[in-house]
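J.: Structure file run-v4.cif, mmCIF, C-alpha atoms, is pasted below:
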data_target
#
loop_
_atom_site.label_atom_id
_atom_site.label_comp_id
_atom_site.auth_asym_id
_atom_site.auth_seq_id
_atom_site.Cartn_x
_atom_site.Cartn_y
_atom_site.Cartn_z
CA MET O 21 5.12 6.60 -5.06
CA ILE O 22 2.71 3.71 -4.96
CA GLY O 23 4.46 0.88 -3.23
CA ARG O 24 4.23 -2.88 -3.34
CA ILE O 25 2.41 -5.00 -0.78
CA VAL O 26 4.42 -7.99 0.38
CA GLU O 27 2.58 -10.76 2.12
CA ILE O 28 4.19 -13.65 3.96
CA ALA O 29 1.55 -16.37 4.00
CA ASP O 30 3.58 -19.51 4.63
CA ASP O 31 4.74 -20.73 8.04
CA LYS O 32 8.28 -21.61 7.03
CA ARG O 33 9.75 -18.26 6.13
CA HIS O 34 12.72 -16.26 7.33
CA LEU O 35 12.99 -12.57 6.47
CA PHE O 36 16.10 -10.46 6.71
CA LEU O 37 17.71 -7.31 5.38
CA HIS O 38 20.51 -7.43 2.85
CA ARG O 39 21.72 -4.01 1.65
CA GLY O 40 18.61 -2.34 0.13
CA PHE O 41 16.52 -5.49 -0.01
CA MET O 42 14.17 -7.51 2.12
CA VAL O 43 15.15 -11.09 1.41
CA VAL O 44 12.74 -14.00 1.89
CA GLN O 45 14.16 -17.44 2.57
CA ALA O 46 12.52 -20.80 3.19
CA SER O 47 13.40 -21.56 6.80
CA ASP O 48 13.12 -25.34 6.51
CA GLY O 49 15.76 -27.49 4.89
CA GLU O 50 18.51 -25.79 2.95
CA ARG O 51 17.29 -22.18 3.40
CA LYS O 52 16.59 -21.54 -0.23
CA GLU O 53 16.16 -17.89 -1.20
CA LEU O 54 12.64 -17.35 -2.52
CA GLY O 55 12.96 -13.76 -3.55
CA GLN O 56 13.94 -10.24 -2.62
CA VAL O 57 12.11 -6.93 -2.79
CA PRO O 58 13.76 -3.47 -2.76
CA ILE O 59 12.87 -2.18 0.69
CA ASP O 60 12.18 1.36 -0.56
CA ASP O 61 9.43 -0.01 -2.85
CA ILE O 62 7.42 -1.72 -0.10
CA ALA O 63 4.17 -0.07 1.02
CA ALA O 64 3.41 -2.65 3.70
CA VAL O 65 4.57 -6.08 4.83
CA ILE O 66 1.74 -8.34 5.94
CA ALA O 67 2.74 -11.28 8.10
CA ASN O 68 -0.18 -13.66 7.75
CA ALA O 69 1.30 -16.92 9.06
CA HIS O 70 2.60 -18.21 12.38
CA GLY O 71 6.12 -19.61 12.10
CA ILE O 72 7.75 -16.64 10.42
CA SER O 73 11.07 -15.34 11.75
CA TYR O 74 12.62 -11.97 11.05
CA THR O 75 15.72 -10.05 12.00
CA ASN O 76 15.70 -6.89 14.03
CA SER O 77 17.61 -4.96 11.38
CA LEU O 78 14.82 -5.68 8.90
CA LEU O 79 12.17 -4.31 11.26
CA VAL O 80 14.34 -1.24 11.93
CA ALA O 81 14.80 -0.62 8.21
CA LEU O 82 11.03 -0.88 7.63
CA ALA O 83 10.28 1.45 10.56
CA GLU O 84 12.84 3.97 9.29
CA ARG O 85 10.91 4.17 6.03
CA GLY O 86 7.51 4.43 7.72
CA THR O 87 6.52 1.07 6.25
CA PRO O 88 4.07 -0.76 8.51
CA PHE O 89 4.75 -4.36 9.45
CA VAL O 90 1.36 -5.92 10.03
CA MET O 91 0.82 -9.06 12.09
CA CYS O 92 -2.40 -10.91 11.31
CA GLY O 93 -4.42 -13.27 13.46
CA ALA O 94 -6.07 -16.47 12.30
CA ASN O 95 -9.11 -14.52 11.04
CA HIS O 96 -6.89 -12.40 8.72
CA ASN O 97 -7.54 -9.34 10.88
CA ALA O 98 -4.60 -7.15 11.87
CA ALA O 99 -3.68 -8.07 15.44
CA GLY O 100 -0.82 -5.62 15.62
CA MET O 101 1.20 -3.23 13.55
CA LEU O 102 4.76 -2.03 13.87
CA ILE O 103 5.14 1.57 12.74
CA THR O 104 7.69 4.31 13.15
CA VAL O 105 7.59 6.85 15.98
CA ASP O 106 9.10 9.43 13.68
CA GLY O 107 7.01 9.71 10.54
CA ASN O 108 7.26 13.33 9.46
CA TYR O 109 9.90 16.04 9.84
CA ASN O 110 7.52 18.42 11.60
CA GLN O 111 5.52 15.78 13.38
CA ALA O 112 5.64 17.54 16.77
CA LYS O 113 4.03 20.68 15.36
CA ARG O 114 1.33 18.59 13.69
CA PHE O 115 0.62 16.60 16.86
CA ASP O 116 0.17 19.93 18.68
CA ALA O 117 -2.24 21.18 16.01
CA GLN O 118 -4.09 17.88 16.13
CA ILE O 119 -4.50 17.97 19.90
CA ALA O 120 -5.54 21.63 19.79
CA ALA O 121 -8.24 21.03 17.18
CA THR O 122 -11.68 21.88 18.53
CA LYS O 123 -14.62 19.55 18.90
CA PRO O 124 -16.65 21.40 16.22
CA THR O 125 -13.78 20.90 13.76
CA HIS O 126 -13.68 17.18 14.49
CA LYS O 127 -17.44 16.91 14.11
CA ARG O 128 -17.43 18.78 10.83
CA LEU O 129 -14.63 16.59 9.45
CA TRP O 130 -16.37 13.40 10.60
CA ALA O 131 -19.52 14.53 8.74
CA GLU O 132 -17.44 14.92 5.57
CA ILE O 133 -16.11 11.38 5.97
CA VAL O 134 -19.53 9.85 6.66
CA LYS O 135 -20.97 11.63 3.65
CA SER O 136 -18.19 10.34 1.46
CA LYS O 137 -18.61 6.80 2.78
CA LEU O 138 -22.37 6.83 2.12
CA GLN O 139 -21.74 8.14 -1.40
CA GLN O 140 -19.26 5.38 -2.13
CA GLN O 141 -21.63 2.78 -0.70
CA ALA O 142 -24.35 4.14 -2.97
CA ALA O 143 -21.99 3.82 -5.94
CA VAL O 144 -21.32 0.20 -5.00
CA LEU O 145 -25.04 -0.59 -4.77
CA GLU O 146 -25.57 1.00 -8.14
CA ALA O 147 -22.79 -1.12 -9.61
CA VAL O 148 -24.40 -4.35 -8.39
CA GLY O 149 -27.82 -3.29 -9.71
CA GLN O 150 -29.45 -2.31 -6.44
CA ASN O 151 -31.37 0.84 -5.68
CA ALA O 152 -28.87 3.47 -4.52
CA THR O 153 -31.43 6.20 -3.81
CA PRO O 154 -31.83 5.57 -0.05
CA LEU O 155 -28.09 5.87 0.58
CA ASN O 156 -27.71 8.89 -1.68
CA ALA O 157 -30.56 10.48 0.26
CA LEU O 158 -28.85 9.73 3.57
CA ALA O 159 -25.59 11.21 2.25
CA GLN O 160 -27.39 14.50 1.63
CA LYS O 161 -28.63 14.61 5.21
CA VAL O 162 -25.38 14.15 7.15
CA LYS O 163 -25.02 16.89 9.74
CA SER O 164 -21.94 17.97 11.67
CA GLY O 165 -20.83 15.12 13.93
CA ASP O 166 -23.45 12.81 12.38
CA PRO O 167 -25.80 13.15 15.40
CA ASP O 168 -28.48 10.93 13.83
CA ASN O 169 -25.88 8.21 13.24
CA LEU O 170 -26.71 8.00 9.55
CA GLU O 171 -23.55 5.95 9.13
CA ALA O 172 -25.13 3.07 11.05
CA GLN O 173 -28.50 3.54 9.37
CA GLY O 174 -26.76 3.42 6.01
CA ALA O 175 -24.77 0.33 6.97
CA ARG O 176 -27.92 -1.58 7.96
CA LYS O 177 -29.51 -0.96 4.58
CA TYR O 178 -26.26 -1.41 2.70
CA TRP O 179 -25.20 -4.83 3.97
CA THR O 180 -28.55 -6.46 3.32
CA MET O 181 -28.83 -4.88 -0.12
CA LEU O 182 -25.32 -5.93 -1.05
CA PHE O 183 -25.06 -9.41 0.46
CA GLY O 184 -28.70 -10.34 1.16
CA ASN O 185 -30.81 -10.61 4.28
CA ASP O 186 -28.90 -13.53 5.76
CA PHE O 187 -25.56 -11.73 5.82
CA ARG O 188 -24.13 -10.76 9.18
CA ARG O 189 -20.92 -8.77 9.42
CA ASP O 190 -18.97 -10.81 11.94
CA GLN O 191 -15.22 -10.51 12.27
CA ASN O 192 -14.81 -14.08 13.46
CA SER O 193 -16.84 -16.04 10.98
CA GLY O 194 -15.45 -17.40 7.73
CA ASP O 195 -16.66 -16.97 4.15
CA MET O 196 -17.27 -13.42 2.94
CA ASN O 197 -16.39 -12.07 6.36
CA ALA O 198 -12.88 -13.46 6.13
CA LEU O 199 -12.46 -11.87 2.71
CA LEU O 200 -13.69 -8.56 4.09
CA ASN O 201 -11.33 -8.87 7.07
CA TYR O 202 -8.41 -9.43 4.77
CA GLY O 203 -9.29 -6.54 2.45
CA TYR O 204 -9.80 -4.15 5.35
CA THR O 205 -6.48 -5.22 6.90
CA VAL O 206 -4.65 -4.22 3.74
CA VAL O 207 -6.50 -0.89 3.52
CA ARG O 208 -5.87 -0.30 7.21
CA ALA O 209 -2.13 -0.85 6.82
CA CYS O 210 -1.99 1.63 3.96
CA THR O 211 -4.04 4.16 5.90
CA ALA O 212 -1.80 3.76 8.93
CA ARG O 213 1.23 4.47 6.80
CA ALA O 214 -0.45 7.53 5.28
CA VAL O 215 -1.47 8.86 8.71
CA ILE O 216 2.05 8.46 10.11
CA ALA O 217 3.65 9.93 6.99
CA ALA O 218 1.35 12.95 7.26
CA GLY O 219 2.76 13.57 10.75
CA LEU O 220 -0.50 12.76 12.52
CA HIS O 221 -0.95 10.69 15.66
CA PRO O 222 -2.96 7.55 14.83
CA THR O 223 -4.73 7.48 18.19
CA ILE O 224 -6.20 11.01 18.23
CA SER O 225 -9.43 10.43 16.37
CA LEU O 226 -12.27 12.34 14.80
CA PHE O 227 -14.97 9.93 15.89
CA HIS O 228 -13.90 6.41 16.87
CA SER O 229 -13.67 6.42 20.65
CA ASN O 230 -12.87 2.89 21.77
CA ALA O 231 -10.38 3.38 24.61
CA ASN O 232 -8.51 0.19 23.66
CA ASN O 233 -7.94 1.12 20.05
CA ALA O 234 -4.58 2.74 19.29
CA MET O 235 -5.48 3.26 15.62
CA ARG O 236 -8.66 5.26 16.01
CA LEU O 237 -7.77 7.93 13.47
CA VAL O 238 -6.79 5.23 10.97
CA ASP O 239 -10.21 3.64 11.41
CA ASP O 240 -11.84 7.05 10.85
CA LEU O 241 -9.98 7.81 7.65
CA MET O 242 -10.33 4.40 6.01
CA GLU O 243 -14.16 4.51 6.09
CA PRO O 244 -14.69 5.97 2.59
CA PHE O 245 -12.48 3.25 1.10
CA ARG O 246 -14.14 0.23 2.71
CA PRO O 247 -16.86 0.08 0.02
CA MET O 248 -14.18 -0.54 -2.62
CA ILE O 249 -13.23 -3.73 -0.78
CA ASP O 250 -16.91 -4.64 -0.29
CA LEU O 251 -17.50 -4.45 -4.02
CA LYS O 252 -14.48 -6.60 -4.80
CA VAL O 253 -15.63 -9.18 -2.26
CA TRP O 254 -19.08 -9.15 -3.86
CA GLN O 255 -17.46 -9.77 -7.24
CA LEU O 256 -15.30 -12.58 -5.88
CA VAL O 257 -18.34 -14.25 -4.33
CA GLN O 258 -20.20 -13.95 -7.65
CA HIS O 259 -17.34 -15.85 -9.21
CA GLY O 260 -17.60 -18.54 -6.56
CA GLU O 261 -14.51 -17.46 -4.62
CA THR O 262 -15.53 -17.43 -0.99
CA ASP O 263 -12.23 -18.43 0.62
CA VAL O 264 -9.13 -16.44 1.39
CA THR O 265 -6.77 -17.88 -1.22
CA PRO O 266 -3.68 -16.47 -2.94
CA SER O 267 -5.79 -15.44 -5.94
CA SER O 268 -8.58 -13.80 -3.92
CA LYS O 269 -5.98 -11.99 -1.80
CA ARG O 270 -4.25 -10.75 -4.93
CA ALA O 271 -7.57 -9.45 -6.23
CA LEU O 272 -8.27 -7.63 -2.96
CA VAL O 273 -4.80 -6.06 -2.79
CA HIS O 274 -5.17 -4.87 -6.37
CA VAL O 275 -8.11 -2.69 -5.36
CA LEU O 276 -5.50 -0.32 -3.89
CA TYR O 277 -4.07 0.29 -7.35
CA ASP O 278 -7.41 0.95 -9.07
CA ASP O 279 -8.05 4.56 -10.04
CA MET O 280 -10.72 6.61 -8.28
CA GLN O 281 -12.00 9.92 -9.60
CA THR O 282 -10.71 13.02 -7.84
CA ASN O 283 -10.62 16.75 -8.51
CA VAL O 284 -7.33 16.32 -10.33
CA GLY O 285 -8.30 13.26 -12.36
CA ALA O 286 -7.92 9.52 -11.96
CA THR O 287 -5.87 8.64 -8.88
CA PRO O 288 -5.12 5.18 -7.42
CA VAL O 289 -6.96 4.29 -4.19
CA MET O 290 -3.63 4.11 -2.34
CA ALA O 291 -2.76 7.67 -3.38
CA CYS O 292 -6.29 8.88 -2.48
CA ILE O 293 -5.74 7.55 1.04
CA GLN O 294 -2.45 9.45 1.25
CA LYS O 295 -4.09 12.63 -0.01
CA LEU O 296 -6.85 12.34 2.56
CA ALA O 297 -4.37 12.00 5.46
CA THR O 298 -2.25 14.89 4.19
CA SER O 299 -5.31 17.11 3.77
CA LEU O 300 -6.37 16.35 7.37
CA ALA O 301 -2.98 17.56 8.63
CA GLN O 302 -3.40 20.70 6.50
CA VAL O 303 -6.86 21.35 7.97
CA TYR O 304 -5.36 21.10 11.48
CA LEU O 305 -2.60 23.53 10.51
CA GLY O 306 -5.16 25.98 9.07
CA GLU O 307 -3.85 25.59 5.52
CA ARG O 308 -7.15 24.42 4.05
CA ASP O 309 -10.82 24.03 5.05
CA LYS O 310 -11.96 20.75 3.59
CA LEU O 311 -10.68 17.21 3.39
CA ASP O 312 -9.39 15.93 0.06
CA LEU O 313 -11.85 13.09 -0.55
CA PRO O 314 -12.37 11.15 -3.79
CA LEU O 315 -15.43 12.02 -5.87
CA GLN O 316 -18.43 9.75 -5.85
CA GLY O 317 -18.07 6.81 -8.19
CA LEU O 318 -16.17 3.61 -8.57
CA PRO O 319 -12.56 3.08 -9.46
CA LEU O 320 -12.46 2.86 -13.24
CA ASP O 321 -11.08 -0.67 -13.37
CA LEU O 322 -13.57 -1.96 -10.84
CA ALA O 323 -16.45 -0.36 -12.68
CA SER O 324 -15.29 -1.51 -16.10
CA SER O 325 -14.83 -5.08 -14.88
CA PHE O 326 -18.63 -5.22 -14.67
CA LEU O 327 -18.91 -4.50 -18.35
CA ASP O 328 -17.11 -7.75 -19.16
CA GLU O 329 -19.66 -9.85 -17.37
CA MET Q 29 10.48 2.12 -16.54
CA TRP Q 30 13.76 0.35 -15.98
CA LEU Q 31 17.10 1.86 -15.15
CA VAL Q 32 20.23 0.01 -16.14
CA VAL Q 33 23.51 1.21 -14.62
CA MET Q 34 26.68 0.04 -16.32
CA PHE Q 35 30.11 0.85 -15.03
CA ASP Q 36 33.81 0.29 -15.57
CA LEU Q 37 35.79 1.29 -12.52
CA PRO Q 38 39.55 1.15 -11.95
CA VAL Q 39 40.53 -1.63 -9.51
CA ILE Q 40 44.33 -1.55 -9.58
CA GLU Q 41 45.03 0.33 -6.34
CA ARG Q 42 43.61 -0.76 -3.02
CA ALA Q 43 41.79 2.60 -2.65
CA GLU Q 44 40.24 2.18 -6.09
CA ARG Q 45 38.92 -1.27 -5.23
CA LYS Q 46 37.45 0.13 -2.05
CA ALA Q 47 35.73 2.92 -3.97
CA ALA Q 48 34.39 0.44 -6.53
CA THR Q 49 32.95 -1.80 -3.79
CA ALA Q 50 31.38 1.20 -2.07
CA PHE Q 51 29.71 2.25 -5.33
CA ARG Q 52 28.41 -1.28 -5.86
CA ASN Q 53 27.00 -1.32 -2.31
CA ASP Q 54 25.39 2.10 -2.82
CA LEU Q 55 23.58 0.68 -5.84
CA LEU Q 56 22.40 -2.33 -3.82
CA ASP Q 57 21.23 -0.03 -1.00
CA MET Q 58 19.12 1.86 -3.53
CA GLY Q 59 17.49 -1.38 -4.58
CA PHE Q 60 19.42 -2.07 -7.78
CA GLU Q 61 19.87 -5.77 -8.49
CA MET Q 62 22.92 -7.23 -10.15
CA SER Q 63 22.12 -8.40 -13.65
CA GLN Q 64 25.76 -9.13 -14.61
CA PHE Q 65 29.08 -8.00 -13.19
CA SER Q 66 29.10 -4.19 -13.44
CA VAL Q 67 25.51 -4.12 -14.75
CA TYR Q 68 22.74 -3.27 -12.27
CA VAL Q 69 19.02 -2.87 -12.92
CA ARG Q 70 16.08 -1.39 -11.08
CA PHE Q 71 12.38 -1.01 -11.82
CA CYS Q 72 10.98 2.53 -11.40
CA SER Q 73 7.28 3.37 -11.37
CA GLY Q 74 7.58 6.71 -13.16
CA PRO Q 75 9.73 9.59 -14.44
CA ALA Q 76 9.91 11.24 -11.00
CA GLN Q 77 11.45 8.12 -9.53
CA VAL Q 78 13.87 7.80 -12.47
CA GLU Q 79 15.09 11.34 -11.86
CA ASN Q 80 15.41 10.72 -8.14
CA TYR Q 81 17.62 7.66 -8.64
CA CYS Q 82 19.74 9.37 -11.32
CA ASN Q 83 20.40 12.23 -8.88
CA ARG Q 84 21.27 9.84 -6.09
CA ILE Q 85 23.67 7.86 -8.30
CA GLU Q 86 25.35 11.12 -9.30
CA LYS Q 87 26.12 11.77 -5.62
CA PHE Q 88 27.79 8.37 -5.19
CA LEU Q 89 29.94 8.42 -8.35
CA PRO Q 90 33.49 7.25 -7.65
CA GLU Q 91 36.57 9.04 -8.98
CA GLY Q 92 37.76 7.75 -12.33
CA GLY Q 93 36.06 5.08 -14.37
CA LYS Q 94 32.97 5.32 -16.51
CA VAL Q 95 29.32 5.01 -15.49
CA SER Q 96 26.34 5.00 -17.87
CA ILE Q 97 22.67 5.02 -16.88
CA LEU Q 98 20.33 3.63 -19.52
CA GLN Q 99 16.55 3.96 -19.44
CA PHE Q 100 14.13 1.45 -20.88
CA THR Q 101 10.36 1.40 -21.10
CA ASP Q 102 8.67 -1.77 -19.85
CA LYS Q 103 8.04 -2.85 -23.44
CA GLN Q 104 11.67 -2.34 -24.48
CA TYR Q 105 12.89 -4.16 -21.39
CA GLU Q 106 10.60 -7.10 -22.12
CA ARG Q 107 12.09 -7.36 -25.61
CA ILE Q 108 15.62 -7.91 -24.31
CA ILE Q 109 16.85 -11.30 -25.47
CA SER Q 110 19.09 -13.01 -22.91
CA TYR Q 111 20.99 -16.28 -22.96
CA LYS Q 112 22.47 -18.25 -20.13
CA GLY Q 113 24.96 -20.62 -21.61
CA ALA Q 114 23.24 -21.70 -24.80
CA ALA Q 115 19.78 -21.54 -23.26
CA LYS Q 116 17.50 -18.63 -24.03
CA GLN Q 117 16.05 -17.01 -20.90
CA ALA Q 118 12.41 -16.01 -20.46
CA ALA Q 119 11.50 -12.35 -20.99
CA GLN Q 120 11.45 -10.26 -17.80
CA LYS Q 121 8.19 -8.61 -16.80
CA PRO Q 122 7.81 -5.61 -14.48
CA PRO Q 123 7.35 -6.68 -10.84
CA ASP Q 124 3.83 -7.30 -9.62
CA GLN Q 125 2.48 -4.88 -7.03
CA TYR Q 126 1.56 -7.77 -4.79
CA ASP Q 127 4.23 -10.24 -3.72
CA LEU Q 128 3.23 -13.42 -1.96
CA PHE Q 129 5.82 -15.58 -0.23
#
Please go through the file and, once you have read it, give me the structure as structure tokens.
T.:
Amino acid sequence: MIGRIVEIADDKRHLFLHRGFMVVQASDGERKELGQVPIDDIAAVIANAHGISYTNSLLVALAERGTPFVMCGANHNAAGMLITVDGNYNQAKRFDAQIAATKPTHKRLWAEIVKSKLQQQAAVLEAVGQNATPLNALAQKVKSGDPDNLEAQGARKYWTMLFGNDFRRDQNSGDMNALLNYGYTVVRACTARAVIAAGLHPTISLFHSNANNAMRLVDDLMEPFRPMIDLKVWQLVQHGETDVTPSSKRALVHVLYDDMQTNVGATPVMACIQKLATSLAQVYLGERDKLDLPLQGLPLDLASSFLDE
Amino acid sequence: MWLVVMFDLPVIERAERKAATAFRNDLLDMGFEMSQFSVYVRFCSGPAQVENYCNRIEKFLPEGGKVSILQFTDKQYERIISYKGAAKQAAQKPPDQYDLF
């Protein structure tokens, strides 16, 4: 099922569990109830403010369902994430298979991901009227393990073509970067949930190797979906929305529900992420050869929103 | 899709009241919200989820009493006309997939 994203963006909030619901109260004054969400329907809770309080039983209930609880810093980046230690009934077997996977397998899978990312970036450039040929050409050339680092070469071309020569991707600056941070945080939370639910360990990566990063596999698998956020940010900026506001956040979260093209037809981005994580577990277990990646092209709603303009 | 669960349960004996409360709590645990006494509603995203909840409710059914599960499409649910006192209430929309508090 495709769940709901719940964001807590105000400082004065208290969250607790009541039966099957996460209840949100105002924590100043008379503790008015602001709303409740069935806990089984939540895909991720994003805590994006400072003075929030929550009960332990709520966090336990979220963890039991494999729902990540994401804590954001001032730059809207995920600073931490609370996830379950017990995500899948045969998790131990899958961890073993994951650890036993050979280096060539990891390199081959990473090449598939880089290729997919470059293809999606090319689709984004095409959508904004730029020349997509260079990135499509790079996508054709990706070799096992991406030894020529085409991912970085692609990124250099891509960012300047998408956001202009002055743009620098910087996690700590404001404007577009803050919007990108926020969008990636939401995608990252969904990917983390998918990885855990597939019975995979989030730290054992294909490519990312930063020793301080506990979510390396999550960062690997979310790569092909980043361009969807990039395109939405581009659109928001075209419409003069350069700040992280409730409406721009809503627009970014909604990217997860847009349909991408896959072998079995239109599938929401959130479900594509889940399919990718599940297929990786199946590759490790020897049940299939290739990752289940979306086809090249934009989510239908994202693409059609350009027709209106 | 919306599921509406309506029930009439016997509450004469102490054990019956206990069973009725347990059933009510089971519905709340599954994410059903009280719409009126003995009427609980829940939004479902598709037929698979509807079937799942119907099966789960079947497992929790108390002895005696009558329980009905009604299904509504979003459009039908929106067309429900409700009053509170003499005041007409706004139509209910399906929940948004992004909640901001």
J.: Might you spell out which residues the PyMOL selection byres ((chain Q) within 6 of (chain O)) would select in the displayed file, as a PyMOL selection string?
T.: chain Q and resi 56-59+125-129
J.: Name the residues captured by the PyMOL selection byres ((chain Q and resi 121) around 12) when it is applied to the shown file; answer as an MDAnalysis selection string.
T.: chainID Q and resid 29:30 71 101:108 118:120 122:125
J.: Can you list, as a list in words, the residues that the PyMOL selection byres ((chain Q and resi 90) around 7) selects here?
T.: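 So the PyMOL selection byres ((chain Q and resi 90) around 7), applied here, picks out Ala47, Ala48, Phe51, Phe88, Leu89, Glu91 and Gly92 of chain Q.
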J.: Rounded to one decimal in Å, what is the spacing between atom CA of O:Asn97 and atom CA of O:Asp239?
T.: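 So the answer is 13.3 Å.
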J.: Residues at most 12 Å from stretch 52-55 of chain Q, counting only C-alpha atoms, excluding those fewer than 5 positions away in the same chain, as a PyMOL selection string?
T.: (chain O and resi 38-41+58) or (chain Q and resi 31-37+45-47+60-62+65-70+81-82+84-90+95+97)
J.: Could you name the residues that touch O:Lys113 at 9 Å or less, counting all atoms listed in the file, but leaving out those on the same chain fewer than 3 positions away, as an MDAnalysis selection string?
T.: chainID O and resid 110 116:118 219 305
J.: Could you please take those selected residues and save C-alpha atoms as a PDB file, in the frame of the given file?
T.:
ATOM      1  CA  ASN O 110       7.520  18.420  11.600  1.00  0.00           C
ATOM      2  CA  ASP O 116       0.170  19.930  18.680  1.00  0.00           C
ATOM      3  CA  ALA O 117      -2.240  21.180  16.010  1.00  0.00           C
ATOM      4  CA  GLN O 118      -4.090  17.880  16.130  1.00  0.00           C
ATOM      5  CA  GLY O 219       2.760  13.570  10.750  1.00  0.00           C
ATOM      6  CA  LEU O 305      -2.600  23.530  10.510  1.00  0.00           C
TER       7      LEU O 305
END
J.: Would you compute the distance between atom CA of O:His70 and atom CA of O:Asp263? Give it in Å to one decimal.
T.: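 One can read the atom CA of O:His70 to atom CA of O:Asp263 distance as 18.9 Å.
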J.: Using all atoms listed in the file, can you tell me which of O:Ser164, O:Asn95, O:Gln316, O:Asn108 comes closest to O:Arg128?
T.: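 The shortest atom-to-atom distance to O:Arg128 comes from O:Ser164.
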J.: Find the spatial neighbours of stretch 288-295 of chain O, counting only C-alpha atoms, within a cut-off of 9 Å - ignore same-chain residues fewer than 5 positions away - and output them as a short mmCIF file (atom, residue, chain, number, x, y, z; two decimals) with C-alpha atoms, keeping the file's coordinate frame.
T.:
data_model
loop_
_atom_site.label_atom_id
_atom_site.label_comp_id
_atom_site.auth_asym_id
_atom_site.auth_seq_id
_atom_site.Cartn_x
_atom_site.Cartn_y
_atom_site.Cartn_z
CA MET O 21 5.12 6.60 -5.06
CA ILE O 22 2.71 3.71 -4.96
CA GLY O 23 4.46 0.88 -3.23
CA VAL O 207 -6.50 -0.89 3.52
CA CYS O 210 -1.99 1.63 3.96
CA THR O 211 -4.04 4.16 5.90
CA ARG O 213 1.23 4.47 6.80
CA ALA O 214 -0.45 7.53 5.28
CA VAL O 215 -1.47 8.86 8.71
CA ALA O 217 3.65 9.93 6.99
CA ALA O 218 1.35 12.95 7.26
CA LEU O 241 -9.98 7.81 7.65
CA MET O 242 -10.33 4.40 6.01
CA PHE O 245 -12.48 3.25 1.10
CA MET O 248 -14.18 -0.54 -2.62
CA VAL O 275 -8.11 -2.69 -5.36
CA LEU O 276 -5.50 -0.32 -3.89
CA TYR O 277 -4.07 0.29 -7.35
CA ASP O 278 -7.41 0.95 -9.07
CA ASP O 279 -8.05 4.56 -10.04
CA MET O 280 -10.72 6.61 -8.28
CA GLN O 281 -12.00 9.92 -9.60
CA THR O 282 -10.71 13.02 -7.84
CA LEU O 300 -6.37 16.35 7.37
CA LEU O 311 -10.68 17.21 3.39
CA ASP O 312 -9.39 15.93 0.06
CA LEU O 313 -11.85 13.09 -0.55
CA PRO O 314 -12.37 11.15 -3.79
CA PRO O 319 -12.56 3.08 -9.46
#
